[in-house]
$ cat data26.pdb   # PDB, C-alpha atoms and all ligand atoms
MODEL        1
ATOM      1  CA  MET O1182       7.478 -24.478  36.157
ATOM      2  CA  GLN O1183       9.838 -22.542  38.371
ATOM      3  CA  ILE O1184       9.129 -22.430  42.113
ATOM      4  CA  LEU O1185      10.727 -19.958  44.485
ATOM      5  CA  ILE O1186      11.161 -21.060  48.101
ATOM      6  CA  VAL O1187      11.543 -18.216  50.595
ATOM      7  CA  GLU O1188      12.698 -19.750  53.878
ATOM      8  CA  ASP O1189      15.355 -18.588  56.324
ATOM      9  CA  ASP O1190      15.888 -22.036  57.885
ATOM     10  CA  ALA O1191      18.591 -23.449  55.612
ATOM     11  CA  PHE O1192      17.842 -27.064  56.485
ATOM     12  CA  LEU O1193      14.106 -26.782  55.800
ATOM     13  CA  ARG O1194      14.700 -24.797  52.635
ATOM     14  CA  GLN O1195      17.215 -27.214  51.182
ATOM     15  CA  ARG O1196      15.114 -30.244  52.047
ATOM     16  CA  LEU O1197      12.020 -28.800  50.387
ATOM     17  CA  ALA O1198      14.075 -27.673  47.383
ATOM     18  CA  TYR O1199      15.490 -31.181  47.066
ATOM     19  CA  GLN O1200      12.036 -32.787  47.290
ATOM     20  CA  LEU O1201      10.558 -30.495  44.668
ATOM     21  CA  ARG O1202      13.515 -30.951  42.314
ATOM     22  CA  GLU O1203      13.096 -34.718  42.738
ATOM     23  CA  ASN O1204       9.533 -34.160  41.527
ATOM     24  CA  GLY O1205      10.655 -32.381  38.384
ATOM     25  CA  TYR O1206      10.317 -28.762  39.480
ATOM     26  CA  GLU O1207      12.894 -26.099  38.809
ATOM     27  CA  VAL O1208      13.572 -24.478  42.186
ATOM     28  CA  LEU O1209      15.016 -21.140  43.208
ATOM     29  CA  GLU O1210      15.886 -20.423  46.827
ATOM     30  CA  ALA O1211      15.870 -17.214  48.850
ATOM     31  CA  GLU O1212      16.705 -16.876  52.529
ATOM     32  CA  ASN O1213      14.940 -13.546  52.969
ATOM     33  CA  ALA O1214      12.227 -11.434  51.355
ATOM     34  CA  GLU O1215      14.642  -9.010  49.710
ATOM     35  CA  GLN O1216      16.361 -11.845  47.826
ATOM     36  CA  ALA O1217      12.962 -13.237  46.898
ATOM     37  CA  TRP O1218      11.891  -9.866  45.514
ATOM     38  CA  GLN O1219      14.997  -9.749  43.298
ATOM     39  CA  HIS O1220      14.174 -13.232  41.974
ATOM     40  CA  ILE O1221      10.669 -12.080  41.083
ATOM     41  CA  LEU O1222      11.969  -9.017  39.265
ATOM     42  CA  ASN O1223      14.884 -10.690  37.505
ATOM     43  CA  GLU O1224      13.936 -14.340  36.980
ATOM     44  CA  GLY O1225      10.254 -13.965  36.167
ATOM     45  CA  VAL O1226       9.220 -16.337  38.966
ATOM     46  CA  ARG O1227       5.458 -16.997  39.020
ATOM     47  CA  LEU O1228       4.933 -19.394  41.940
ATOM     48  CA  VAL O1229       6.284 -18.682  45.418
ATOM     49  CA  ILE O1230       6.264 -20.673  48.649
ATOM     50  CA  VAL O1231       6.939 -18.226  51.445
ATOM     51  CA  ASP O1232       7.609 -18.584  55.162
ATOM     52  CA  TRP O1233       5.973 -16.103  57.578
ATOM     53  CA  ILE O1234       8.800 -15.449  60.003
ATOM     54  CA  LEU O1235      11.841 -14.177  58.138
ATOM     55  CA  PRO O1236      14.726 -11.890  59.078
ATOM     56  CA  GLY O1237      13.948  -8.313  57.985
ATOM     57  CA  MET O1238      10.773  -8.097  55.938
ATOM     58  CA  SER O1239       8.230 -10.718  57.077
ATOM     59  CA  GLY O1240       6.442 -13.103  54.752
ATOM     60  CA  ILE O1241       3.230 -11.082  55.204
ATOM     61  CA  GLU O1242       4.935  -7.815  54.255
ATOM     62  CA  PHE O1243       6.526  -9.539  51.280
ATOM     63  CA  ILE O1244       3.115 -10.727  50.076
ATOM     64  CA  ARG O1245       1.693  -7.219  50.415
ATOM     65  CA  ARG O1246       4.590  -5.843  48.392
ATOM     66  CA  VAL O1247       4.002  -8.363  45.606
ATOM     67  CA  ARG O1248       0.276  -7.625  45.546
ATOM     68  CA  THR O1249       0.695  -3.856  45.335
ATOM     69  CA  ALA O1250       3.484  -3.967  42.727
ATOM     70  CA  GLU O1251       2.671  -3.618  39.036
ATOM     71  CA  LEU O1252       4.058  -6.899  37.770
ATOM     72  CA  PRO O1253       3.491  -8.165  34.235
ATOM     73  CA  HIS O1254       2.139 -11.504  35.517
ATOM     74  CA  TYR O1255       0.217 -12.834  38.452
ATOM     75  CA  ILE O1256       2.355 -14.343  41.233
ATOM     76  CA  TYR O1257       0.764 -17.348  42.913
ATOM     77  CA  ILE O1258       1.746 -17.390  46.589
ATOM     78  CA  ILE O1259       1.572 -20.295  49.012
ATOM     79  CA  MET O1260       2.301 -19.385  52.611
ATOM     80  CA  LEU O1261       4.099 -22.147  54.502
ATOM     81  CA  THR O1262       4.448 -21.483  58.214
ATOM     82  CA  VAL O1263       4.330 -22.895  61.741
ATOM     83  CA  ARG O1264       1.685 -20.341  62.669
ATOM     84  CA  GLN O1265      -1.568 -22.217  62.647
ATOM     85  CA  ALA O1266      -4.010 -20.086  64.635
ATOM     86  CA  LYS O1267      -7.236 -19.259  62.759
ATOM     87  CA  GLU O1268      -6.487 -15.523  62.915
ATOM     88  CA  ASP O1269      -3.020 -16.109  61.403
ATOM     89  CA  ILE O1270      -4.473 -18.072  58.514
ATOM     90  CA  ILE O1271      -6.990 -15.286  57.949
ATOM     91  CA  SER O1272      -4.267 -12.605  58.095
ATOM     92  CA  GLY O1273      -2.127 -14.521  55.601
ATOM     93  CA  LEU O1274      -4.960 -14.952  53.131
ATOM     94  CA  GLU O1275      -6.113 -11.376  53.607
ATOM     95  CA  ALA O1276      -2.611 -10.086  52.941
ATOM     96  CA  GLY O1277      -2.869 -11.768  49.530
ATOM     97  CA  ALA O1278      -1.649 -15.354  49.890
ATOM     98  CA  ASP O1279      -3.470 -17.714  47.544
ATOM     99  CA  ASP O1280      -3.034 -20.666  49.838
ATOM    100  CA  TYR O1281      -1.870 -21.366  53.388
ATOM    101  CA  ILE O1282      -0.153 -24.532  54.618
ATOM    102  CA  THR O1283       1.180 -25.228  58.097
ATOM    103  CA  LYS O1284       4.452 -26.893  59.009
ATOM    104  CA  PRO O1285       5.256 -29.702  59.205
ATOM    105  CA  TYR O1286       3.924 -30.048  55.661
ATOM    106  CA  HIS O1287       2.809 -33.197  53.949
ATOM    107  CA  LEU O1288       4.722 -33.371  50.652
ATOM    108  CA  HIS O1289       1.913 -34.952  48.670
ATOM    109  CA  GLU O1290      -0.551 -32.299  49.849
ATOM    110  CA  LEU O1291       1.942 -29.527  49.067
ATOM    111  CA  LYS O1292       2.356 -30.888  45.532
ATOM    112  CA  ALA O1293      -1.422 -31.026  45.082
ATOM    113  CA  ARG O1294      -1.637 -27.388  46.175
ATOM    114  CA  ILE O1295       1.207 -26.426  43.833
ATOM    115  CA  SER O1296      -0.847 -27.883  40.977
ATOM    116  CA  ILE O1297      -3.708 -25.565  41.905
ATOM    117  CA  GLY O1298      -1.283 -22.689  41.408
ATOM    118  CA  GLU O1299      -0.135 -24.111  38.084
ATOM    119  CA  ARG O1300      -3.741 -24.323  36.880
ATOM    120  CA  ILE O1301      -4.399 -20.708  37.837
ATOM    121  CA  LEU O1302      -1.210 -19.535  36.147
ATOM    122  CA  HIS O1303      -2.065 -21.458  32.970
ATOM    123  CA  LEU O1304      -5.485 -19.853  32.906
ATOM    124  CA  GLU O1305      -3.871 -16.435  33.107
ATOM    125  CA  GLU O1306      -1.424 -17.317  30.345
ATOM    126  CA  ASN O1307      -4.215 -18.448  28.015
ATOM    127  CA  LEU O1308      -6.203 -15.344  28.813
ATOM    128  CA  LEU O1309      -3.282 -13.049  28.030
ATOM    129  CA  GLN O1310      -2.632 -14.938  24.808
ATOM    130  CA  SER O1311      -6.171 -14.618  23.522
ATOM    131  CA  GLN O1312      -6.208 -10.978  24.577
ATOM    132  CA  THR O1313      -3.097 -10.327  22.484
ATOM    133  CA  GLN O1314      -4.618 -12.208  19.551
ATOM    134  CA  LEU O1315      -7.804 -10.167  19.804
ATOM    135  CA  GLN O1316      -5.856  -6.924  19.941
ATOM    136  CA  GLU O1317      -3.927  -7.917  16.818
ATOM    137  CA  LEU O1318      -7.094  -9.015  15.080
ATOM    138  CA  ALA O1319      -8.777  -5.696  15.861
ATOM    139  CA  LEU O1320      -6.105  -3.923  13.786
ATOM    140  CA  ARG O1321      -6.595  -6.081  10.699
ATOM    141  CA  ASP O1322      -8.901  -6.186   7.718
ATOM    142  CA  ALA O1323     -10.507  -9.647   7.701
ATOM    143  CA  LEU O1324     -10.321 -10.235   3.934
ATOM    144  CA  THR O1325      -6.769  -9.149   3.113
ATOM    145  CA  GLY O1326      -5.018  -9.287   6.487
ATOM    146  CA  LEU O1327      -3.778  -5.746   5.882
ATOM    147  CA  PHE O1328      -4.202  -3.040   8.523
ATOM    148  CA  ASN O1329      -7.713  -1.668   8.675
ATOM    149  CA  ARG O1330      -8.599   1.966   8.337
ATOM    150  CA  ARG O1331      -8.402   2.760  12.041
ATOM    151  CA  ALA O1332      -5.021   1.050  12.419
ATOM    152  CA  ILE O1333      -3.645   2.962   9.426
ATOM    153  CA  TYR O1334      -4.872   6.193  10.972
ATOM    154  CA  ASP O1335      -3.041   5.323  14.213
ATOM    155  CA  ARG O1336       0.100   4.350  12.307
ATOM    156  CA  LEU O1337       0.194   7.626  10.460
ATOM    157  CA  GLN O1338      -0.308   9.498  13.719
ATOM    158  CA  THR O1339       2.609   7.593  15.263
ATOM    159  CA  GLU O1340       4.815   8.212  12.238
ATOM    160  CA  LEU O1341       4.053  11.919  12.330
ATOM    161  CA  GLU O1342       5.037  12.086  15.999
ATOM    162  CA  ARG O1343       8.309  10.349  15.168
ATOM    163  CA  THR O1344       8.867  12.594  12.180
ATOM    164  CA  LYS O1345       8.751  15.691  14.369
ATOM    165  CA  ARG O1346      11.820  14.383  16.206
ATOM    166  CA  MET O1347      13.678  12.959  13.221
ATOM    167  CA  THR O1348      13.226  15.746  10.672
ATOM    168  CA  SER O1349      12.372  13.296   7.903
ATOM    169  CA  SER O1350       9.172  13.209   5.859
ATOM    170  CA  VAL O1351       6.461  10.573   5.553
ATOM    171  CA  GLY O1352       5.021   9.507   2.220
ATOM    172  CA  VAL O1353       1.311   8.696   1.993
ATOM    173  CA  ILE O1354      -0.038   6.815  -1.015
ATOM    174  CA  LEU O1355      -3.684   6.056  -1.775
ATOM    175  CA  VAL O1356      -4.406   3.612  -4.594
ATOM    176  CA  ASP O1357      -7.769   2.533  -5.960
ATOM    177  CA  ILE O1358      -8.501  -0.314  -8.375
ATOM    178  CA  ASP O1359      -9.824   0.957 -11.700
ATOM    179  CA  HIS O1360     -13.315  -0.149 -12.729
ATOM    180  CA  PHE O1361     -13.392  -2.684  -9.956
ATOM    181  CA  LYS O1362     -17.160  -2.812 -10.174
ATOM    182  CA  GLN O1363     -16.765  -4.383 -13.625
ATOM    183  CA  ILE O1364     -14.715  -7.243 -12.153
ATOM    184  CA  ASN O1365     -17.501  -7.902  -9.651
ATOM    185  CA  ASP O1366     -20.180  -7.574 -12.296
ATOM    186  CA  THR O1367     -18.415  -9.812 -14.811
ATOM    187  CA  TYR O1368     -16.981 -12.547 -12.579
ATOM    188  CA  GLY O1369     -18.930 -12.260  -9.353
ATOM    189  CA  HIS O1370     -18.219 -10.973  -5.895
ATOM    190  CA  LEU O1371     -16.014 -13.915  -4.869
ATOM    191  CA  VAL O1372     -13.638 -13.256  -7.732
ATOM    192  CA  GLY O1373     -13.730  -9.587  -6.764
ATOM    193  CA  ASP O1374     -12.602 -10.636  -3.286
ATOM    194  CA  LYS O1375      -9.798 -12.698  -4.809
ATOM    195  CA  ALA O1376      -8.682  -9.672  -6.788
ATOM    196  CA  LEU O1377      -8.511  -7.633  -3.574
ATOM    197  CA  VAL O1378      -6.386 -10.287  -1.847
ATOM    198  CA  HIS O1379      -4.202 -10.538  -4.948
ATOM    199  CA  VAL O1380      -3.568  -6.788  -4.990
ATOM    200  CA  ALA O1381      -2.930  -6.800  -1.228
ATOM    201  CA  HIS O1382      -0.201  -9.435  -1.702
ATOM    202  CA  ILE O1383       1.452  -7.454  -4.465
ATOM    203  CA  LEU O1384       1.444  -4.297  -2.340
ATOM    204  CA  GLN O1385       2.983  -6.199   0.555
ATOM    205  CA  ARG O1386       5.688  -7.767  -1.575
ATOM    206  CA  ALA O1387       6.571  -4.536  -3.313
ATOM    207  CA  THR O1388       6.980  -2.337  -0.220
ATOM    208  CA  ARG O1389       9.579  -2.149   2.523
ATOM    209  CA  PRO O1390       9.060  -4.033   5.789
ATOM    210  CA  TYR O1391       8.644  -0.787   7.714
ATOM    211  CA  ASP O1392       6.008   0.603   5.382
ATOM    212  CA  SER O1393       2.448   0.173   6.662
ATOM    213  CA  ILE O1394      -0.178  -1.041   4.231
ATOM    214  CA  GLY O1395      -3.863  -0.829   4.943
ATOM    215  CA  ARG O1396      -7.204  -1.352   3.336
ATOM    216  CA  TRP O1397      -8.747   2.084   3.372
ATOM    217  CA  GLY O1398     -12.135   1.122   1.968
ATOM    218  CA  GLY O1399     -13.653  -1.359  -0.513
ATOM    219  CA  GLU O1400     -10.971  -1.366  -3.249
ATOM    220  CA  GLU O1401      -8.761   1.401  -1.881
ATOM    221  CA  PHE O1402      -5.431   0.834  -0.193
ATOM    222  CA  VAL O1403      -3.146   3.167   1.732
ATOM    223  CA  ILE O1404       0.619   2.890   2.041
ATOM    224  CA  ILE O1405       2.429   4.865   4.717
ATOM    225  CA  ALA O1406       6.104   5.121   3.925
ATOM    226  CA  PRO O1407       8.271   6.565   6.707
ATOM    227  CA  GLN O1408      11.415   8.502   5.840
ATOM    228  CA  CYS O1409      10.318   9.020   2.302
ATOM    229  CA  SER O1410      10.571  12.110   0.052
ATOM    230  CA  LEU O1411       7.785  13.068  -2.350
ATOM    231  CA  GLU O1412       9.984  11.958  -5.220
ATOM    232  CA  HIS O1413      10.577   8.574  -3.657
ATOM    233  CA  ALA O1414       6.922   8.091  -2.623
ATOM    234  CA  THR O1415       5.903   8.808  -6.210
ATOM    235  CA  LEU O1416       8.400   6.228  -7.466
ATOM    236  CA  VAL O1417       7.024   3.683  -5.006
ATOM    237  CA  ALA O1418       3.438   4.366  -6.114
ATOM    238  CA  GLU O1419       4.465   4.110  -9.764
ATOM    239  CA  ARG O1420       6.197   0.798  -9.076
ATOM    240  CA  LEU O1421       3.078  -0.533  -7.344
ATOM    241  CA  ARG O1422       0.928   0.508 -10.279
ATOM    242  CA  GLN O1423       3.271  -1.211 -12.738
ATOM    243  CA  GLN O1424       3.561  -4.397 -10.730
ATOM    244  CA  VAL O1425      -0.198  -4.742 -10.367
ATOM    245  CA  ALA O1426      -0.634  -4.073 -14.098
ATOM    246  CA  ALA O1427       1.975  -6.732 -14.859
ATOM    247  CA  SER O1428       0.338  -9.359 -12.608
ATOM    248  CA  PRO O1429      -3.173 -10.214 -13.774
ATOM    249  CA  LEU O1430      -5.298 -12.367 -11.506
ATOM    250  CA  THR O1431      -5.380 -15.923 -12.859
ATOM    251  CA  LEU O1432      -8.426 -18.032 -12.014
ATOM    252  CA  GLU O1433      -8.430 -21.809 -11.638
ATOM    253  CA  ASP O1434      -9.942 -22.230 -15.108
ATOM    254  CA  GLY O1435      -7.079 -20.237 -16.612
ATOM    255  CA  THR O1436      -8.995 -16.991 -17.104
ATOM    256  CA  THR O1437      -6.741 -13.993 -16.582
ATOM    257  CA  ILE O1438      -8.175 -10.743 -15.316
ATOM    258  CA  PRO O1439      -6.090  -7.611 -15.826
ATOM    259  CA  ILE O1440      -6.066  -5.190 -12.896
ATOM    260  CA  ARG O1441      -5.173  -1.508 -13.041
ATOM    261  CA  LEU O1442      -4.565   0.988 -10.258
ATOM    262  CA  SER O1443      -4.852   4.729 -10.003
ATOM    263  CA  GLY O1444      -3.052   6.482  -7.202
ATOM    264  CA  GLY O1445      -2.581   9.730  -5.339
ATOM    265  CA  VAL O1446       0.584  10.656  -3.478
ATOM    266  CA  THR O1447       1.432  13.225  -0.869
ATOM    267  CA  VAL O1448       4.189  13.737   1.618
ATOM    268  CA  VAL O1449       4.138  15.214   5.111
ATOM    269  CA  GLU O1450       7.193  17.318   5.796
ATOM    270  CA  ALA O1451       8.854  17.285   9.162
ATOM    271  CA  THR O1452       9.132  21.065   9.059
ATOM    272  CA  GLU O1453       5.365  21.464   9.015
ATOM    273  CA  GLU O1454       4.163  23.708  11.845
ATOM    274  CA  GLY O1455       2.283  22.039  14.683
ATOM    275  CA  ALA O1456       0.642  18.647  14.427
ATOM    276  CA  PRO O1457      -0.339  18.017  10.799
ATOM    277  CA  ASN O1458      -4.023  17.336  10.413
ATOM    278  CA  LEU O1459      -4.620  13.725   9.383
ATOM    279  CA  ASP O1460      -7.870  14.485   7.611
ATOM    280  CA  ARG O1461      -6.121  17.124   5.542
ATOM    281  CA  ILE O1462      -3.441  14.617   4.535
ATOM    282  CA  PHE O1463      -6.005  12.059   3.430
ATOM    283  CA  GLN O1464      -7.950  14.764   1.640
ATOM    284  CA  ALA O1465      -4.784  15.631  -0.316
ATOM    285  CA  VAL O1466      -4.187  12.058  -1.510
ATOM    286  CA  ASP O1467      -7.865  11.651  -2.245
ATOM    287  CA  GLU O1468      -7.850  14.726  -4.479
ATOM    288  CA  ALA O1469      -4.708  13.504  -6.268
ATOM    289  CA  LEU O1470      -6.328  10.090  -6.765
ATOM    290  CA  TYR O1471      -9.436  11.610  -8.271
ATOM    291  CA  ALA O1472      -7.366  13.734 -10.601
ATOM    292  CA  ALA O1473      -5.678  10.487 -11.741
ATOM    293  CA  LYS O1474      -9.120   8.941 -12.298
ATOM    294  CA  ARG O1475     -10.407  11.964 -14.229
ATOM    295  CA  ASN O1476      -7.348  12.046 -16.429
ATOM    296  CA  GLY O1477      -7.686   8.502 -17.716
ATOM    297  CA  ARG O1478      -6.962   6.090 -14.771
ATOM    298  CA  ASN O1479      -4.002   3.661 -14.563
ATOM    299  CA  ARG O1480      -1.750   6.518 -13.442
ATOM    300  CA  ILE O1481      -0.282   8.171 -10.350
ATOM    301  CA  TYR O1482      -0.863  11.824  -9.475
ATOM    302  CA  VAL O1483       0.710  14.032  -6.833
TER     303      VAL O1483
HETATM  304  P1  LIG A   1     -13.232   3.611 -10.451
HETATM  305  O1  LIG A   1     -12.294   3.260 -11.536
HETATM  306  O2  LIG A   1     -13.853   4.954 -10.602
HETATM  307  O3  LIG A   1     -12.624   3.455  -9.105
HETATM  308  O4  LIG A   1     -14.449   2.590 -10.579
HETATM  309  P2  LIG A   1     -14.780   1.385  -9.600
HETATM  310  O5  LIG A   1     -15.740   0.517 -10.293
HETATM  311  O6  LIG A   1     -13.535   0.739  -9.163
HETATM  312  O7  LIG A   1     -15.371   2.139  -8.359
HETATM  313  P3  LIG A   1     -16.807   2.091  -7.698
HETATM  314  O8  LIG A   1     -16.658   2.946  -6.465
HETATM  315  O9  LIG A   1     -17.854   2.457  -8.677
HETATM  316  O10 LIG A   1     -17.017   0.588  -7.274
HETATM  317  C1  LIG A   1     -16.298  -0.040  -6.279
HETATM  318  C2  LIG A   1     -16.865  -1.397  -6.087
HETATM  319  O11 LIG A   1     -16.145  -2.138  -5.092
HETATM  320  C3  LIG A   1     -18.301  -1.352  -5.607
HETATM  321  C4  LIG A   1     -18.333  -2.337  -4.456
HETATM  322  O12 LIG A   1     -19.416  -3.216  -4.561
HETATM  323  C5  LIG A   1     -17.044  -3.073  -4.579
HETATM  324  N1  LIG A   1     -16.553  -3.565  -3.310
HETATM  325  C6  LIG A   1     -16.349  -2.879  -2.155
HETATM  326  N2  LIG A   1     -15.871  -3.685  -1.182
HETATM  327  C7  LIG A   1     -15.799  -4.929  -1.746
HETATM  328  C8  LIG A   1     -15.392  -6.212  -1.245
HETATM  329  O13 LIG A   1     -14.998  -6.384  -0.087
HETATM  330  N3  LIG A   1     -15.435  -7.256  -2.104
HETATM  331  C9  LIG A   1     -15.850  -7.112  -3.386
HETATM  332  N4  LIG A   1     -15.853  -8.185  -4.174
HETATM  333  N5  LIG A   1     -16.259  -5.944  -3.876
HETATM  334  C10 LIG A   1     -16.231  -4.858  -3.065
HETATM  335 MG    MG A   2      11.266 -18.618  59.318
HETATM  336 MG    MG A   3     -12.116   1.856  -8.024
HETATM  337 MG    MG A   4     -15.617   5.151  -7.594
HETATM  338 MG    MG A   5     -13.029   3.422  -4.723
ENDMDL
END

$ encode --input "data26.pdb" --output "structure tokens" --more "lines below"
Ligand code: GH3
Ligand code: MG
Ligand code: MG
Ligand code: MG
Ligand code: MG
Amino acid sequence: MQILIVEDDAFLRQRLAYQLRENGYEVLEAENAEQAWQHILNEGVRLVIVDWILPGMSGIEFIRRVRTAELPHYIYIIMLTVRQAKEDIISGLEAGADDYITKPYHLHELKARISIGERILHLEENLLQSQTQLQELALRDALTGLFNRRAIYDRLQTELERTKRMTSSVGVILVDIDHFKQINDTYGHLVGDKALVHVAHILQRATRPYDSIGRWGGEEFVIIAPQCSLEHATLVAERLRQQVAASPLTLEDGTTIPIRLSGGVTVVEATEEGAPNLDRIFQAVDEALYAAKRNGRNRIYV
């Protein structure tokens, strides 16, 4: 834990810095508010002990600046000052200080108050972490770990925006497992789930890291391939079909279950006028997929 001491009295500052370092803290020092502000911006300081009376910007003004700034993290601020009138304490806290200690300070008490700050900062850290995890989770399909339908929609939207600037095209592939219902009916729903996870892994392995793969519906998967011509997208889809066909699902008892895919492919050209309509794109791959189904399955159509 890094602590920033903002104190213009060099003797006081150095003594406090020494004491805190002795107690295992990493300490940064600033002799005025401007220096302190730079430390916050550049060093990612999270806990500050600040004097009230400083040359230039006062401790109170500094606190107000921190509180009104849009910083990525909360800054825990302890005001440490000789001013001990009730109204001063109130002003300090109202300006945004989290705690207020008067000089001369008692080191043990100061350390106890620093630990309050550490607890608050840890709470914030945990909160941010679980928020990030939730946001990531909200993009994923629970069974396969692939992107879900909404995330794939967003990805395609983002790719299309990028495409407008880069004059490249985006390939969109929709694949659907053939006669998947039969796998469920013959081996049960759990094995059906295994087959979905199995196919998801193959799709992930067989595509480029910057392709986005999502579960579009029950046994349908979408691949968004940036910077990809129609020819190339068709090759990719064909490769996926072949790899799935060549990798049957093997159960624990040795049973092997062949899996086949049908697929539809389309490409969105960068030259296309205006913002391409996402629904129209998915309609195009859907129609291609159903043509592949009608014409015998286990094949890719454009
Ligand atoms: P087709 O070749 O025409 O695509 O035939 P199909 O049997 O694959 O297609 P159909 O749409 O008739 O059946 C899809 C099946 O997928 C029906 C549904 O119960 C099953 N399904 C959908 N989601 C899941 C899932 O999460 N797990 C399992 N095990 N089955 C699912
Ligand atoms: Mg001072
Ligand atoms: Mg199917
Ligand atoms: Mg069907
Ligand atoms: Mg289907």

$ closest_residue --input "data26.pdb" --among "O:Glu1468, O:Glu1212, O:Glu1317, O:Glu1450" --to "Glu1342 in chain O" --atoms "all atoms listed in the file"
O:Glu1450

$ axis_aligned_box --input "data26.pdb" --around "range 1247-1250 of chain O" --padding-each-side "6 Å" --output "JSON"
{"center_x": 2.1, "center_y": -6.1, "center_z": 44.2, "size_x": 15.7, "size_y": 16.5, "size_z": 14.9}

$ residues_near_ligand --input "data26.pdb" --ligand "ligand MG 4 (chain A)" --cutoff "10 Å" --atoms "all atoms listed in the file" --output "list in words"
Asp1357, Ile1358, Asp1359, His1360, Phe1361, Lys1362, Gly1399, Glu1400, Glu1401, Tyr1471 and Lys1474 of chain O

$ write_last_selection --input "data26.pdb" --atoms "C-alpha atoms" --output "short mmCIF file (atom, residue, chain, number, x, y, z; two decimals), in the coordinates of the input"
data_model
loop_
_atom_site.label_atom_id
_atom_site.label_comp_id
_atom_site.auth_asym_id
_atom_site.auth_seq_id
_atom_site.Cartn_x
_atom_site.Cartn_y
_atom_site.Cartn_z
CA ASP O 1357 -7.77 2.53 -5.96
CA ILE O 1358 -8.50 -0.31 -8.38
CA ASP O 1359 -9.82 0.96 -11.70
CA HIS O 1360 -13.32 -0.15 -12.73
CA PHE O 1361 -13.39 -2.68 -9.96
CA LYS O 1362 -17.16 -2.81 -10.17
CA GLY O 1399 -13.65 -1.36 -0.51
CA GLU O 1400 -10.97 -1.37 -3.25
CA GLU O 1401 -8.76 1.40 -1.88
CA TYR O 1471 -9.44 11.61 -8.27
CA LYS O 1474 -9.12 8.94 -12.30
#

$ residues_near_point --input "data26.pdb" --point "(-6.3, -18.6, 56.8)" --cutoff "12 Å" --atoms "only C-alpha atoms" --output "list in words"
Ile1259, Met1260, Leu1261, Thr1262, Arg1264, Gln1265, Ala1266, Lys1267, Glu1268, Asp1269, Ile1270, Ile1271, Ser1272, Gly1273, Leu1274, Glu1275, Ala1276, Gly1277, Ala1278, Asp1279, Asp1280, Tyr1281, Ile1282 and Thr1283 of chain O

$ residues_around --input "data26.pdb" --residues "Ser1349 in chain O" --least-positions-apart "3" --cutoff "10 Å" --atoms "only C-alpha atoms" --output "list of chain:residue names"
O:Leu1341, O:Arg1343, O:Thr1344, O:Lys1345, O:Arg1346, O:Pro1407, O:Gln1408, O:Cys1409, O:Ser1410, O:Val1449, O:Glu1450, O:Ala1451, O:Thr1452

$ closest_residue --input "data26.pdb" --among "O:Ala1387, O:Leu1470, O:Ile1256, O:Leu1320" --to "ligand MG 5 (chain A)" --atoms "all atoms listed in the file"
O:Leu1470

$ closest_residue --input "data26.pdb" --among "O:His1413, O:Arg1480, O:His1382, O:Arg1331" --to "Gly1398 in chain O" --atoms "all atoms listed in the file"
O:Arg1331

$ resolve_selection --input "data26.pdb" --expression "the PyMOL selection byres (((chain O and resi 1225) around 12) and not hetatm)" --output "ChimeraX atom specification"
/O:1182-1185,1209,1217-1224,1226-1229,1252-1256

$ residues_near_point --input "data26.pdb" --point "(6.8, -30.7, 64.9)" --cutoff "9 Å" --atoms "only C-alpha atoms" --output "list in words"
Val1263, Lys1284 and Pro1285 of chain O

$ closest_residue --input "data26.pdb" --among "O:Val1247, O:Val1483, O:Ala1293, O:Val1417" --to "Asn1204 in chain O" --atoms "only C-alpha atoms"
O:Ala1293

$ resolve_selection --input "data26.pdb" --expression "the PyMOL selection byres (((chain O and resi 1394) around 12) and not hetatm)" --output "CSV table (one decimal) with C-alpha atoms, in the coordinates of the input"
chain,number,residue,atom,x,y,z
O,1320,LEU,CA,-6.1,-3.9,13.8
O,1321,ARG,CA,-6.6,-6.1,10.7
O,1322,ASP,CA,-8.9,-6.2,7.7
O,1325,THR,CA,-6.8,-9.1,3.1
O,1326,GLY,CA,-5.0,-9.3,6.5
O,1327,LEU,CA,-3.8,-5.7,5.9
O,1328,PHE,CA,-4.2,-3.0,8.5
O,1329,ASN,CA,-7.7,-1.7,8.7
O,1330,ARG,CA,-8.6,2.0,8.3
O,1331,ARG,CA,-8.4,2.8,12.0
O,1332,ALA,CA,-5.0,1.0,12.4
O,1333,ILE,CA,-3.6,3.0,9.4
O,1334,TYR,CA,-4.9,6.2,11.0
O,1336,ARG,CA,0.1,4.4,12.3
O,1337,LEU,CA,0.2,7.6,10.5
O,1352,GLY,CA,5.0,9.5,2.2
O,1353,VAL,CA,1.3,8.7,2.0
O,1354,ILE,CA,0.0,6.8,-1.0
O,1355,LEU,CA,-3.7,6.1,-1.8
O,1356,VAL,CA,-4.4,3.6,-4.6
O,1380,VAL,CA,-3.6,-6.8,-5.0
O,1381,ALA,CA,-2.9,-6.8,-1.2
O,1382,HIS,CA,-0.2,-9.4,-1.7
O,1383,ILE,CA,1.5,-7.5,-4.5
O,1384,LEU,CA,1.4,-4.3,-2.3
O,1385,GLN,CA,3.0,-6.2,0.6
O,1386,ARG,CA,5.7,-7.8,-1.6
O,1387,ALA,CA,6.6,-4.5,-3.3
O,1388,THR,CA,7.0,-2.3,-0.2
O,1389,ARG,CA,9.6,-2.1,2.5
O,1390,PRO,CA,9.1,-4.0,5.8
O,1391,TYR,CA,8.6,-0.8,7.7
O,1392,ASP,CA,6.0,0.6,5.4
O,1393,SER,CA,2.4,0.2,6.7
O,1395,GLY,CA,-3.9,-0.8,4.9
O,1396,ARG,CA,-7.2,-1.4,3.3
O,1397,TRP,CA,-8.7,2.1,3.4
O,1401,GLU,CA,-8.8,1.4,-1.9
O,1402,PHE,CA,-5.4,0.8,-0.2
O,1403,VAL,CA,-3.1,3.2,1.7
O,1404,ILE,CA,0.6,2.9,2.0
O,1405,ILE,CA,2.4,4.9,4.7
O,1406,ALA,CA,6.1,5.1,3.9
O,1407,PRO,CA,8.3,6.6,6.7
